[in-house]
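All remarks here apply to the structure that follows.
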Amino acid sequence: MTRPFLALLLAGAMLAGCASYSVAPLSAPSDVLKTPDVSILSTDAQKIDRPYLTPQSIDLNQPLTPNALAVIAVIENPDLKAQRAKAGVTDAQAFAARLLPDPTFGANFDKILAGPDVFNAFGAQLGFDLNAIRTARVTRESGEAAKRQVRLDMAWAEWQTAGQARLLGVRILALTEQFSIAREGAASAERLFAAAQRAAGRGDIAAADLDTRRQSLIDATDKARTAERDLVAARGELNKTLGLPPEVELRLAPSADPAVPPDSAKLVAQALERRLDLQALRAGYGVAEADLHKAVLEQFPNLSLTIAGARDTANNYTLGPAVGFTLPLWNRNRGNIAIAKATREQLKAEYEARLFQTRAEIDTAVKGVMALRRQRAELTGQLPALQKYADATQRAAKRGDISPATAETALQAIRDRRLALLQIDQQIAEQTIALELLSGGPSEGWTR
C-alpha cells in the first residue's frame, strides 16, 4: 500500500502546480464607455511617475492645465491601455523563455500470449531535450530584449499621446479666440451689407459696391463657420485622446508662452540620446542578434538523452541511456540562419533610416518655428499703425466727418490682423510641442 500511496501523493503534488482556467468575458459596452471615476483618476494622477509629467490631483470641473491634460491622456487613453496589456504578454513570453522544457516519459507493457517464457514484458523511458539547455541563454536574451523593446515602445507612445493632448489643448484655446473674433467680423460684415443694401435701394451706391459687400459677408461668414467646425473637431479629438465620453465639456487653463528652440544640431544630439523609439529600435536589433545566435547554435546536432529501463519475457532487467541527434547533412538550419541574418540587416537599415528621418524632421521643424516667429514680429509691428488709424476713423465717424462704414472697415482690418496673429501664435505653439515630441523631451531640457 505504501508505493501506490506515494505515487498518489506525487501525482497530487504535480497537479497542484498546474494552472487553472476561468472564464473572463468581455466587459459590457456601457461599462467601457462610461466616464472614468474622477476620484480614482485623481489618485492615479497623484502617483504618476514620468520624467515629463508632474503628479497632481485632477478635477474635471476646474480648468485643466497642459500638464493635467497630459496626465489624463497617459492614464486613460484606450490605445495606451491596450499597449500596456501587450507589455504584459511580452513579460509572459520573456518568462516562458527562461523555462526549460519538461522531460518526457513513456511506458510500454507487452503481455505474453505464447512461447516458452512466462513473464510479461514492460519498460519505461525518461527523455531530456539537451538542445534546449544549449540554447537557453540566447533564448533568454531574446526574450529580455523583446520585453525591453515593447516597454520602450509603450513609453514612446505615452510620450506622443501626452504631447498630442497638450497640442490639442493649445489648439482649442487658440480656436476659441479665433472663433470669437471671426463672429465679430461676420456680425460687422452683416451690418455693412445691410447698410449697403439700403443705400443701393436709394440709388446712393452702385451694384458693384453692393456685390463687394456681399462677397465680404460671405468670406467673413465662412471664416466663422470654419473656426467653429475646427473647434468642435478639436474638442472631440481631445476627449477621444483623454478617453472621455464626447459629452464631457472640459475647461482649459491658458498655457505658458512657447520656448524659443535652440539650433537643430543641439536638438538632434538630444534626440539621439533621449528618443525612446530609437532605444526601442536598438532593443529590437538586440532581439535579432540573439535570434541569429540561436539559429547558428541550432545548426549543430540536436541532442536528446533518454534513460530507459525494461524487463523482457525471460525476466531479464535492463537499464541504460540512449542518445539521439539529427545528422547535419542537408539542412543544417541554413534557411533559418539566412532569415535571421536578413532580419538583422533589415532592422539595421530601419534604425539608420530613422536616424536620418529624425535629423531632417527636427531641422525642418526648427526652421518652420523660426520663420513663424519672424512673421509674428512683422505682423505685430504693423498693429500700432492700424490701431491708430482705426481710432482716428472712429473719432471722425462720431463727428460725422466720414461714414460709419469707413470706420467699420478700419475696425475689420484690425480684426483681420488679430485673427492672423492668433493663427500664427497657434502654429508656433503647436510646432513647438511637435518639436518637443521630435526631440524626445520637454522644452525645459533644451537649455541643458
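Numbering starts fresh at 1 for the residues of each chain in the C-alpha cells, the chains themselves are lettered A, B, ... in the order given, and ligands are numbered from 1 as they appear.
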Please report, as a ChimeraX atom specification, each residue of stretch 251-390 of chain A to which DSSP assigns alpha helix (DSSP H) when run on this structure's backbone. /A:264-274,276-297,334-390
Quick one: residues within 9 Å of A:Leu437, only C-alpha atoms, excluding same-chain residues fewer than 2 positions away - as a list in words? Trp159, Gln160, Gly163, Gln164, Arg275, Thr432, Ile433, Ala434, Leu435, Ser439, Gly440, Gly441 and Pro442 of chain A
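Between A:Ala371 and the candidates A:Thr65, A:Thr306, A:Gln431, A:Asn336, the tightest atom-to-atom separation, counting only C-alpha atoms, involves A:Gln431.
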When distances are computed from only C-alpha atoms, which of A:Pro301, A:Leu80, A:Arg198, A:Leu152 shows the smallest separation from A:Asp129? A:Pro301
Determine, for each residue of stretch 119-185 of chain A having at least one atom at most 9 Å from an atom of stretch 244-261 of chain A, the closest pair of atoms and their separation in Å to one decimal, counting only C-alpha atoms; order by chain and ascending number, as a Markdown table.
| residue | atom | partner | partner_atom | distance |
| --- | --- | --- | --- | --- |
| A:Gly169 | CA | A:Leu252 | CA | 7.0 |
| A:Val170 | CA | A:Ser255 | CA | 7.1 |
| A:Ile172 | CA | A:Leu252 | CA | 8.4 |
| A:Leu173 | CA | A:Pro254 | CA | 7.3 |
Take the residues from that selection and write them out as an mmCIF file, in the first residue's frame, keeping N, CA, C and O atoms.
data_model
loop_
_atom_site.group_PDB
_atom_site.id
_atom_site.type_symbol
_atom_site.label_atom_id
_atom_site.label_comp_id
_atom_site.auth_asym_id
_atom_site.auth_seq_id
_atom_site.Cartn_x
_atom_site.Cartn_y
_atom_site.Cartn_z
ATOM 1 N N GLY A 169 -4.991 70.870 -26.574
ATOM 2 C CA GLY A 169 -5.390 71.915 -25.644
ATOM 3 C C GLY A 169 -5.019 73.293 -26.153
ATOM 4 O O GLY A 169 -5.824 74.244 -26.089
ATOM 5 N N VAL A 170 -3.803 73.426 -26.667
ATOM 6 C CA VAL A 170 -3.370 74.699 -27.254
ATOM 7 C C VAL A 170 -4.250 75.070 -28.445
ATOM 8 O O VAL A 170 -4.656 76.238 -28.610
ATOM 9 N N ILE A 172 -7.372 74.193 -29.042
ATOM 10 C CA ILE A 172 -8.723 74.582 -28.618
ATOM 11 C C ILE A 172 -8.743 76.015 -28.096
ATOM 12 O O ILE A 172 -9.638 76.807 -28.422
ATOM 13 N N LEU A 173 -7.745 76.371 -27.275
ATOM 14 C CA LEU A 173 -7.689 77.738 -26.758
ATOM 15 C C LEU A 173 -7.554 78.750 -27.892
ATOM 16 O O LEU A 173 -8.220 79.792 -27.902
#
Judged by only C-alpha atoms, the minimum distance to A:Asn333 among A:Ala155, A:Leu297, A:Ala132, A:Leu386 is found for A:Leu297
List as a PyMOL selection string the protein and nucleic acid residues near A:Arg311, meaning an atom at most 12 Å away when only C-alpha atoms are counted, but skip any in the same chain fewer than 4 places from it. chain A and resi 107-111+119-124+315-319
For A:Arg183, work out the shell of residues within 9 Å, counting only C-alpha atoms and skipping chain neighbours fewer than 5 positions away, then give it as a PyMOL selection string. chain A and resi 178+188+220-221+223-225
Please dump the current selection as a short mmCIF file (atom, residue, chain, number, x, y, z; two decimals), in the first residue's frame; keep N, CA, C and O atoms.
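Printed below is part_28.cif as written:
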data_model
loop_
_atom_site.label_atom_id
_atom_site.label_comp_id
_atom_site.auth_asym_id
_atom_site.auth_seq_id
_atom_site.Cartn_x
_atom_site.Cartn_y
_atom_site.Cartn_z
N GLN A 178 -10.11 82.63 -31.92
CA GLN A 178 -10.32 82.90 -33.34
C GLN A 178 -11.80 82.90 -33.69
O GLN A 178 -12.27 83.73 -34.48
N SER A 188 -20.00 92.29 -38.14
CA SER A 188 -19.68 93.57 -38.77
C SER A 188 -19.98 93.55 -40.27
O SER A 188 -20.55 94.51 -40.82
N ALA A 220 -16.44 86.50 -44.51
CA ALA A 220 -16.44 86.59 -43.05
C ALA A 220 -17.24 85.46 -42.43
O ALA A 220 -16.84 84.88 -41.41
N THR A 221 -18.37 85.13 -43.03
CA THR A 221 -19.20 84.04 -42.52
C THR A 221 -18.47 82.70 -42.65
O THR A 221 -18.53 81.85 -41.75
N LYS A 223 -15.25 82.23 -42.60
CA LYS A 223 -14.20 82.17 -41.57
C LYS A 223 -14.79 81.75 -40.22
O LYS A 223 -14.22 80.93 -39.51
N ALA A 224 -15.95 82.32 -39.88
CA ALA A 224 -16.57 81.97 -38.60
C ALA A 224 -17.00 80.51 -38.58
O ALA A 224 -16.80 79.81 -37.58
N ARG A 225 -17.58 80.05 -39.67
CA ARG A 225 -18.02 78.65 -39.73
C ARG A 225 -16.84 77.69 -39.68
O ARG A 225 -16.89 76.65 -39.01
#
If we count only C-alpha atoms and set the cut-off at 10 Å, which residues sit around A:Asp153, ignoring sequence neighbours fewer than 6 positions away in its own chain? Please answer as a PyMOL selection string. chain A and resi 83+87+147+159+276-281+283
Tell me which protein, DNA and RNA residues are within 10 Å of A:Thr380, counting only C-alpha atoms, leaving out same-chain ones fewer than 5 positions away, and put them as a ChimeraX atom specification. /A:374-375,417-418,421
Selection to disk with all heavy atoms, as a compact mmCIF listing (two decimals), in the first residue's frame:
# COMPACT_ATOMS: atom_id res chain seq x y z
N ARG A 374 9.42 85.11 -37.04
CA ARG A 374 9.73 86.32 -37.82
C ARG A 374 8.44 86.93 -38.38
O ARG A 374 8.25 88.15 -38.34
CB ARG A 374 10.69 85.97 -38.95
CG ARG A 374 12.12 85.72 -38.49
CD ARG A 374 13.07 85.71 -39.66
NE ARG A 374 12.76 84.62 -40.60
CZ ARG A 374 13.27 83.41 -40.53
NH1 ARG A 374 14.11 83.10 -39.53
NH2 ARG A 374 12.96 82.48 -41.41
N GLN A 375 7.56 86.07 -38.87
CA GLN A 375 6.28 86.57 -39.39
C GLN A 375 5.46 87.24 -38.29
O GLN A 375 4.82 88.27 -38.51
CB GLN A 375 5.50 85.43 -40.03
CG GLN A 375 6.14 84.83 -41.26
CD GLN A 375 5.44 83.56 -41.72
OE1 GLN A 375 4.34 83.24 -41.26
NE2 GLN A 375 6.08 82.84 -42.63
N ARG A 417 -6.08 91.39 -38.74
CA ARG A 417 -4.70 91.25 -38.28
C ARG A 417 -4.64 90.45 -36.98
O ARG A 417 -3.76 89.61 -36.80
CB ARG A 417 -4.07 92.63 -38.06
CG ARG A 417 -3.80 93.41 -39.32
CD ARG A 417 -2.78 92.69 -40.23
NE ARG A 417 -2.34 93.54 -41.31
CZ ARG A 417 -2.99 93.74 -42.45
NH1 ARG A 417 -4.18 93.15 -42.62
NH2 ARG A 417 -2.51 94.51 -43.39
N ARG A 418 -5.57 90.72 -36.08
CA ARG A 418 -5.60 89.95 -34.83
C ARG A 418 -5.85 88.48 -35.10
O ARG A 418 -5.24 87.60 -34.47
CB ARG A 418 -6.68 90.51 -33.90
CG ARG A 418 -6.33 91.85 -33.25
CD ARG A 418 -7.52 92.41 -32.49
NE ARG A 418 -8.02 91.46 -31.50
CZ ARG A 418 -9.25 91.50 -31.00
NH1 ARG A 418 -10.12 92.41 -31.43
NH2 ARG A 418 -9.62 90.61 -30.09
N LEU A 421 -2.74 87.02 -36.42
CA LEU A 421 -1.76 86.89 -35.35
C LEU A 421 -2.08 85.68 -34.46
O LEU A 421 -1.19 84.92 -34.05
CB LEU A 421 -1.74 88.17 -34.52
CG LEU A 421 -0.63 88.30 -33.47
CD1 LEU A 421 0.74 88.23 -34.13
CD2 LEU A 421 -0.77 89.60 -32.70
All strand (DSSP E or B) positions in stretch 19-258 of chain A, as a ChimeraX atom specification: /A:64,104-110,121-129,252
Nearby residues (only C-alpha atoms) at most 12 Å from A:Ala396, same-chain spacing under 4 positions excluded, as a PDB file with N, CA and C atoms, in the first residue's frame:
ATOM      1  N   TYR A 389      -4.920 104.255 -36.899  1.00  0.00           N
ATOM      2  CA  TYR A 389      -5.825 104.654 -37.972  1.00  0.00           C
ATOM      3  C   TYR A 389      -7.274 104.316 -37.624  1.00  0.00           C
ATOM      4  N   ALA A 390      -7.503 103.128 -37.028  1.00  0.00           N
ATOM      5  CA  ALA A 390      -8.870 102.748 -36.655  1.00  0.00           C
ATOM      6  C   ALA A 390      -9.439 103.695 -35.597  1.00  0.00           C
ATOM      7  N   ASP A 391      -8.605 104.069 -34.605  1.00  0.00           N
ATOM      8  CA  ASP A 391      -9.083 105.006 -33.584  1.00  0.00           C
ATOM      9  C   ASP A 391      -9.441 106.354 -34.197  1.00  0.00           C
ATOM     10  N   ALA A 392      -8.621 106.803 -35.156  1.00  0.00           N
ATOM     11  CA  ALA A 392      -8.891 108.089 -35.809  1.00  0.00           C
ATOM     12  C   ALA A 392     -10.194 108.041 -36.605  1.00  0.00           C
ATOM     13  N   GLY A 400     -19.034 112.858 -37.605  1.00  0.00           N
ATOM     14  CA  GLY A 400     -19.761 112.939 -38.863  1.00  0.00           C
ATOM     15  C   GLY A 400     -18.897 113.300 -40.040  1.00  0.00           C
ATOM     16  N   ASP A 401     -17.563 113.300 -39.872  1.00  0.00           N
ATOM     17  CA  ASP A 401     -16.670 113.653 -40.974  1.00  0.00           C
ATOM     18  C   ASP A 401     -16.595 112.539 -42.017  1.00  0.00           C
ATOM     19  N   ILE A 402     -16.730 111.261 -41.603  1.00  0.00           N
ATOM     20  CA  ILE A 402     -16.711 110.132 -42.531  1.00  0.00           C
ATOM     21  C   ILE A 402     -17.890 109.236 -42.222  1.00  0.00           C
ATOM     22  N   SER A 403     -18.160 108.318 -43.114  1.00  0.00           N
ATOM     23  CA  SER A 403     -19.296 107.417 -42.924  1.00  0.00           C
ATOM     24  C   SER A 403     -18.959 106.342 -41.901  1.00  0.00           C
ATOM     25  N   PRO A 404     -19.960 105.824 -41.199  1.00  0.00           N
ATOM     26  CA  PRO A 404     -19.706 104.715 -40.259  1.00  0.00           C
ATOM     27  C   PRO A 404     -19.128 103.491 -40.960  1.00  0.00           C
ATOM     28  N   ALA A 405     -19.457 103.295 -42.229  1.00  0.00           N
ATOM     29  CA  ALA A 405     -18.935 102.136 -42.953  1.00  0.00           C
ATOM     30  C   ALA A 405     -17.419 102.193 -43.074  1.00  0.00           C
ATOM     31  N   THR A 406     -16.880 103.392 -43.268  1.00  0.00           N
ATOM     32  CA  THR A 406     -15.426 103.545 -43.365  1.00  0.00           C
ATOM     33  C   THR A 406     -14.762 103.194 -42.038  1.00  0.00           C
ATOM     34  N   ALA A 407     -15.360 103.662 -40.945  1.00  0.00           N
ATOM     35  CA  ALA A 407     -14.815 103.340 -39.625  1.00  0.00           C
ATOM     36  C   ALA A 407     -14.920 101.841 -39.337  1.00  0.00           C
ATOM     37  N   GLU A 408     -16.023 101.249 -39.739  1.00  0.00           N
ATOM     38  CA  GLU A 408     -16.202  99.806 -39.525  1.00  0.00           C
ATOM     39  C   GLU A 408     -15.197  99.004 -40.339  1.00  0.00           C
ATOM     40  N   ALA A 410     -12.184  99.984 -41.097  1.00  0.00           N
ATOM     41  CA  ALA A 410     -10.894 100.082 -40.397  1.00  0.00           C
ATOM     42  C   ALA A 410     -10.844  99.132 -39.222  1.00  0.00           C
TER      43      ALA A 410
END
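Among the candidate residues A:Ile112, A:Leu438, A:Leu329, A:Leu419, the one lying nearest to A:Phe179 is A:Leu419, with distances computed using only C-alpha atoms.
The smallest atom-to-atom distance between A:Arg282 and any of A:Phe300, A:Trp330, A:Tyr52, A:Tyr351, using only C-alpha atoms, is found for A:Tyr351.
Between A:Pro51 and the residues A:Asn302, A:Pro36, A:Ile362, A:Val71, the shortest atom-to-atom distance, using only C-alpha atoms, involves A:Val71.
One finds atom CA of A:Ala420 at 22.0 Å from atom CA of A:Arg214.
Between atom CA of A:Leu130 and atom CA of A:Ala322 lies a distance of 12.5 Å.
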